[in-house]
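Asker: Let me give you the structure first, and then I'll get to my questions.
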Amino acid sequence: PIVLSGGPVTVCSAFKYLGSWLTESPTMDKEVAVRKGKAYAAFNSFAGLWSNPHLRLPDKVACYRVFVLPHMLYAAEGWNVTAAQLKTLEVVHNNCMRRMMGVRLRDRHSAKHLLATCKLEPVRVLVARAQLRWAGHVARMGPERAPFVALVGDLSGSRRRGGQRMTFLRSLRAGLATCGLPCGSSDEECRQWVRECASDRVAFNRMVRGLKMAARQPSVPTRVQPPRRCKRVHAAI
């Protein structure tokens, strides 16, 4: 055991540091669960505001941006979230928009309709925007800075068996791919792309602010095949 100031240091599996939770496992499960609870708590504290029929929807959305989204996306710049964890936050985001619009889940409003009505962005776009802004800030640092070393560095050794854990660069690449930005197919290409784009601060900030969901390509309709008929039944008829 480690002894400091005359007493042993207790070992804990998770602790809170500067508002974020750090755990033994390099995953975002604990942090996403905390962000979900914080967002619902902040949203429910303004229950009278969301149900006020005399308040316009744009005013409600403006309050939602100021009082709720910062709790949901606190420290999202350094997240290494998976698609399932982003889906959890998307559900919170959609539920809040339904409350502001005064509709229910059984009304069958799609997420695309909710975002268009409230004029908000999906959570995955907001997270990707924060990650890209932070990555560009770090890329402009000097090579002696610890964040720059962590961004451009790479771990040596063999890969573990099974699926690999989500990392910051993999999460950034997935978010940028969702937004239609080709940042490379590997971590090294992503690092080089961020450093090249971040060299022009004005253009980079304009790109970050304009980040949005990429339009999906319409699927090609397949030709409907007629149902097969049994020869025996057809002959009997």
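Letters A, B, ... mark the chains of the structure tokens in the order given; residue numbers begin at 1 per chain; ligand numbers begin at 1, in order shown.
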What's around A:Thr178 at 10 Å? Count only C-alpha atoms, leave out sequence neighbours fewer than 2 positions away in its own chain, and write the answer as a PyMOL selection string.
Answerer: chain A and resi 124-125+128+172-176+180-182+212-216
Asker: Determine, counting only C-alpha atoms, which protein, DNA and RNA residues have an atom within 10 Å of an atom of stretch 10-22 of chain A; residues of the same chain fewer than 5 positions away are not included. Present the result as a PyMOL selection string.
Answerer: chain A and resi 1-3+27-32+34-35+74-76
Asker: Any chance you could export the current selection's N, CA, C and O atoms as a PDB file, in the first residue's frame?
Answerer:
```pdb
ATOM      1  N   PRO A   1       0.827  -1.209   0.000  1.00  0.00           N
ATOM      2  CA  PRO A   1       0.000   0.000   0.000  1.00  0.00           C
ATOM      3  C   PRO A   1       0.856   1.252   0.000  1.00  0.00           C
ATOM      4  O   PRO A   1       1.962   1.274   0.510  1.00  0.00           O
ATOM      5  N   ILE A   2       0.319   2.318  -0.580  1.00  0.00           N
ATOM      6  CA  ILE A   2       0.992   3.608  -0.641  1.00  0.00           C
ATOM      7  C   ILE A   2       0.584   4.430   0.572  1.00  0.00           C
ATOM      8  O   ILE A   2      -0.604   4.567   0.877  1.00  0.00           O
ATOM      9  N   VAL A   3       1.593   4.972   1.287  1.00  0.00           N
ATOM     10  CA  VAL A   3       1.340   5.732   2.500  1.00  0.00           C
ATOM     11  C   VAL A   3       1.748   7.178   2.255  1.00  0.00           C
ATOM     12  O   VAL A   3       2.871   7.454   1.836  1.00  0.00           O
ATOM     13  N   THR A  27     -13.396   3.252 -20.687  1.00  0.00           N
ATOM     14  CA  THR A  27     -14.649   3.381 -21.436  1.00  0.00           C
ATOM     15  C   THR A  27     -15.421   4.579 -20.900  1.00  0.00           C
ATOM     16  O   THR A  27     -15.093   5.137 -19.859  1.00  0.00           O
ATOM     17  N   MET A  28     -16.483   4.939 -21.604  1.00  0.00           N
ATOM     18  CA  MET A  28     -17.284   6.108 -21.249  1.00  0.00           C
ATOM     19  C   MET A  28     -18.622   5.718 -20.629  1.00  0.00           C
ATOM     20  O   MET A  28     -19.532   6.545 -20.570  1.00  0.00           O
ATOM     21  N   ASP A  29     -18.756   4.475 -20.164  1.00  0.00           N
ATOM     22  CA  ASP A  29     -20.043   4.031 -19.630  1.00  0.00           C
ATOM     23  C   ASP A  29     -20.464   4.858 -18.420  1.00  0.00           C
ATOM     24  O   ASP A  29     -21.605   5.322 -18.333  1.00  0.00           O
ATOM     25  N   LYS A  30     -19.569   5.031 -17.459  1.00  0.00           N
ATOM     26  CA  LYS A  30     -19.881   5.792 -16.257  1.00  0.00           C
ATOM     27  C   LYS A  30     -20.164   7.245 -16.589  1.00  0.00           C
ATOM     28  O   LYS A  30     -21.140   7.837 -16.102  1.00  0.00           O
ATOM     29  N   GLU A  31     -19.346   7.854 -17.423  1.00  0.00           N
ATOM     30  CA  GLU A  31     -19.510   9.271 -17.752  1.00  0.00           C
ATOM     31  C   GLU A  31     -20.799   9.511 -18.524  1.00  0.00           C
ATOM     32  O   GLU A  31     -21.516  10.492 -18.263  1.00  0.00           O
ATOM     33  N   VAL A  32     -21.143   8.627 -19.463  1.00  0.00           N
ATOM     34  CA  VAL A  32     -22.374   8.799 -20.236  1.00  0.00           C
ATOM     35  C   VAL A  32     -23.593   8.654 -19.336  1.00  0.00           C
ATOM     36  O   VAL A  32     -24.576   9.402 -19.468  1.00  0.00           O
ATOM     37  N   VAL A  34     -23.720   9.381 -16.156  1.00  0.00           N
ATOM     38  CA  VAL A  34     -23.783  10.601 -15.348  1.00  0.00           C
ATOM     39  C   VAL A  34     -24.309  11.764 -16.184  1.00  0.00           C
ATOM     40  O   VAL A  34     -25.145  12.562 -15.726  1.00  0.00           O
ATOM     41  N   ARG A  35     -23.831  11.895 -17.424  1.00  0.00           N
ATOM     42  CA  ARG A  35     -24.307  12.987 -18.289  1.00  0.00           C
ATOM     43  C   ARG A  35     -25.809  12.853 -18.552  1.00  0.00           C
ATOM     44  O   ARG A  35     -26.525  13.863 -18.633  1.00  0.00           O
ATOM     45  N   TYR A  74     -20.901  18.053 -21.284  1.00  0.00           N
ATOM     46  CA  TYR A  74     -19.764  18.596 -20.535  1.00  0.00           C
ATOM     47  C   TYR A  74     -18.519  17.757 -20.802  1.00  0.00           C
ATOM     48  O   TYR A  74     -18.541  16.528 -20.711  1.00  0.00           O
ATOM     49  N   ALA A  75     -17.427  18.422 -21.171  1.00  0.00           N
ATOM     50  CA  ALA A  75     -16.142  17.772 -21.458  1.00  0.00           C
ATOM     51  C   ALA A  75     -16.239  16.780 -22.607  1.00  0.00           C
ATOM     52  O   ALA A  75     -15.494  15.798 -22.653  1.00  0.00           O
ATOM     53  N   ALA A  76     -17.136  17.044 -23.559  1.00  0.00           N
ATOM     54  CA  ALA A  76     -17.255  16.143 -24.711  1.00  0.00           C
ATOM     55  C   ALA A  76     -16.063  16.237 -25.648  1.00  0.00           C
ATOM     56  O   ALA A  76     -15.929  15.411 -26.555  1.00  0.00           O
TER      57      ALA A  76
END
```
Asker: Taking 5 positions as the minimum chain separation for residues in the same chain, which residues sit within 10 Å of A:Glu90 when counting only C-alpha atoms? Answer as a PyMOL selection string.
Answerer: chain A and resi 36+84-85+95-96+111+122-124
Asker: Please give the complete set of residues from stretch 11-212 of chain A that DSSP, run on the backbone, assigns to alpha helix (DSSP H), formatted as JSON, numbers by chain.
Answerer: {"A": [29, 30, 31, 32, 33, 34, 35, 36, 37, 38, 39, 40, 41, 42, 43, 44, 47, 48, 49, 50, 57, 58, 59, 60, 61, 62, 63, 64, 65, 66, 67, 69, 70, 71, 72, 83, 84, 85, 86, 87, 88, 89, 90, 91, 92, 93, 94, 95, 96, 97, 98, 99, 100, 101, 111, 112, 113, 114, 115, 116, 117, 118, 123, 124, 125, 126, 127, 128, 129, 130, 131, 132, 133, 134, 135, 136, 137, 138, 139, 146, 147, 148, 149, 150, 151, 152, 168, 169, 170, 171, 172, 173, 174, 175, 176, 177, 178, 187, 188, 189, 190, 191, 192, 193, 194, 195, 196, 197, 198, 201, 202, 203, 204, 205, 206, 207, 208, 209]}
Asker: What is the distance between atom CA of A:Thr117 and atom CA of A:Arg129, in Å to one decimal?
Answerer: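 One can read the atom CA of A:Thr117 to atom CA of A:Arg129 distance as 21.3 Å.
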Asker: What is the distance, in Å and to one decimal place, between atom CA of A:Ala39 and atom CA of A:Met100?
Answerer: 14.3 Å
Asker: Quick one: of A:Arg160, A:Arg133, A:His93, A:Arg206, who's nearest to A:Leu114, counting only C-alpha atoms?
Answerer: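 The closest residue to A:Leu114 is A:His93.
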Asker: Env of A:Val152: 10 Å cut, atoms = only C-alpha atoms, seq-sep filter 4 positions within chain, self excluded. Answer as a PyMOL selection string.
Answerer: chain A and resi 138-139+143+147-148+187-188+190-192+195
Asker: Rank A:Ala150, A:Met166, A:Cys179, A:Met101 by their smallest atom-to-atom distance to A:Val61, using only C-alpha atoms, and report the top residue only.
Answerer: A:Met101
Asker: Measuring atom to atom with only C-alpha atoms, identify which of A:Pro53, A:Val127, A:Leu211, A:Gly142 is nearest to A:Leu86.
Answerer: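 For A:Leu86, the nearest of the given residues is A:Val127.
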Asker: Which one of A:Leu169, A:Ala41, A:His109, A:Glu24 sits closest to A:Gly153 if you count only C-alpha atoms?
Answerer: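 The closest residue to A:Gly153 is A:Leu169.
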Asker: Using Å and a single decimal, report how far atom CA of A:Gly37 sits from atom CA of A:Val92.
Answerer: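 Atom CA of A:Gly37 lies 9.4 Å from atom CA of A:Val92.
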Asker: Would you list the contacts of A:Thr167 as a tab-separated table (two decimals) with N, CA, C and O atoms, in the first residue's frame, taking every protein, DNA or RNA residue within 9 Å and counting only C-alpha atoms, but skipping same-chain residues closer than 4 positions in sequence?
Answerer:
```tsv
chain	number	residue	atom	x	y	z
A	26	PRO	N	-11.06	2.01	-19.50
A	26	PRO	CA	-11.00	3.18	-20.41
A	26	PRO	C	-12.23	3.30	-21.29
A	26	PRO	O	-12.13	3.42	-22.51
A	27	THR	N	-13.40	3.25	-20.69
A	27	THR	CA	-14.65	3.38	-21.44
A	27	THR	C	-15.42	4.58	-20.90
A	27	THR	O	-15.09	5.14	-19.86
A	79	TRP	N	-14.02	12.97	-25.35
A	79	TRP	CA	-14.73	11.69	-25.25
A	79	TRP	C	-14.24	10.69	-26.29
A	79	TRP	O	-13.89	11.05	-27.42
A	80	ASN	N	-14.26	9.42	-25.89
A	80	ASN	CA	-14.04	8.31	-26.83
A	80	ASN	C	-15.28	7.42	-26.81
A	80	ASN	O	-15.25	6.28	-26.38
A	81	VAL	N	-16.39	8.00	-27.28
A	81	VAL	CA	-17.69	7.36	-27.17
A	81	VAL	C	-17.90	6.39	-28.33
A	81	VAL	O	-17.38	6.56	-29.43
A	171	SER	N	-13.01	7.55	-32.39
A	171	SER	CA	-14.29	8.22	-32.19
A	171	SER	C	-14.38	9.49	-33.04
A	171	SER	O	-15.44	9.78	-33.62
A	172	LEU	N	-13.27	10.21	-33.16
A	172	LEU	CA	-13.26	11.41	-34.01
A	172	LEU	C	-13.47	11.05	-35.47
A	172	LEU	O	-14.24	11.71	-36.17
```
Asker: Quick one: everything within 12 Å of A:Asp200, counting only C-alpha atoms, minus sequence neighbours fewer than 6 positions away in the same chain. Send it as a list of chain:residue names.
Answerer: A:Gly136, A:His137, A:Ala139, A:Arg140, A:Val194, A:Arg206, A:Met207
Asker: Produce a file of the selected residues containing all heavy atoms, as a short mmCIF file (atom, residue, chain, number, x, y, z; two decimals), in the first residue's frame.
Answerer:
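Result went into out_12.cif, see below:
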```
data_model
loop_
_atom_site.label_atom_id
_atom_site.label_comp_id
_atom_site.auth_asym_id
_atom_site.auth_seq_id
_atom_site.Cartn_x
_atom_site.Cartn_y
_atom_site.Cartn_z
N GLY A 136 -8.01 20.32 -33.16
CA GLY A 136 -7.32 21.40 -33.84
C GLY A 136 -6.55 22.29 -32.90
O GLY A 136 -5.44 22.75 -33.22
N HIS A 137 -7.10 22.53 -31.71
CA HIS A 137 -6.39 23.33 -30.71
C HIS A 137 -5.10 22.64 -30.26
O HIS A 137 -4.05 23.27 -30.12
CB HIS A 137 -7.31 23.58 -29.52
CG HIS A 137 -6.66 24.30 -28.38
ND1 HIS A 137 -6.26 25.62 -28.45
CD2 HIS A 137 -6.31 23.87 -27.13
CE1 HIS A 137 -5.71 25.98 -27.30
NE2 HIS A 137 -5.73 24.94 -26.49
N ALA A 139 -3.46 20.36 -32.00
CA ALA A 139 -2.53 20.25 -33.14
C ALA A 139 -1.70 21.51 -33.32
O ALA A 139 -0.60 21.45 -33.88
CB ALA A 139 -3.30 19.93 -34.41
N ARG A 140 -2.19 22.65 -32.87
CA ARG A 140 -1.45 23.89 -32.99
C ARG A 140 -0.49 24.13 -31.82
O ARG A 140 0.21 25.13 -31.80
CB ARG A 140 -2.42 25.08 -33.11
CG ARG A 140 -3.15 25.15 -34.44
CD ARG A 140 -3.91 26.45 -34.56
NE ARG A 140 -5.01 26.52 -33.60
CZ ARG A 140 -6.27 26.16 -33.86
NH1 ARG A 140 -6.58 25.69 -35.06
NH2 ARG A 140 -7.20 26.25 -32.94
N VAL A 194 -5.83 16.53 -39.48
CA VAL A 194 -6.17 17.55 -38.49
C VAL A 194 -5.08 18.62 -38.43
O VAL A 194 -5.37 19.82 -38.37
CB VAL A 194 -6.38 16.91 -37.11
CG1 VAL A 194 -6.50 17.98 -36.02
CG2 VAL A 194 -7.62 16.03 -37.11
N ARG A 206 -14.17 28.03 -39.22
CA ARG A 206 -15.35 28.09 -40.07
C ARG A 206 -15.85 26.69 -40.41
O ARG A 206 -17.06 26.43 -40.45
CB ARG A 206 -15.02 28.86 -41.35
CG ARG A 206 -16.25 29.17 -42.21
CD ARG A 206 -15.87 29.86 -43.50
NE ARG A 206 -15.14 31.10 -43.25
CZ ARG A 206 -13.85 31.29 -43.58
NH1 ARG A 206 -13.17 30.30 -44.16
NH2 ARG A 206 -13.27 32.44 -43.33
N MET A 207 -14.92 25.76 -40.62
CA MET A 207 -15.30 24.38 -40.92
C MET A 207 -15.96 23.73 -39.71
O MET A 207 -16.94 22.99 -39.84
CB MET A 207 -14.06 23.58 -41.35
CG MET A 207 -14.35 22.11 -41.65
SD MET A 207 -12.87 21.20 -42.12
CE MET A 207 -11.93 21.31 -40.58
#
```
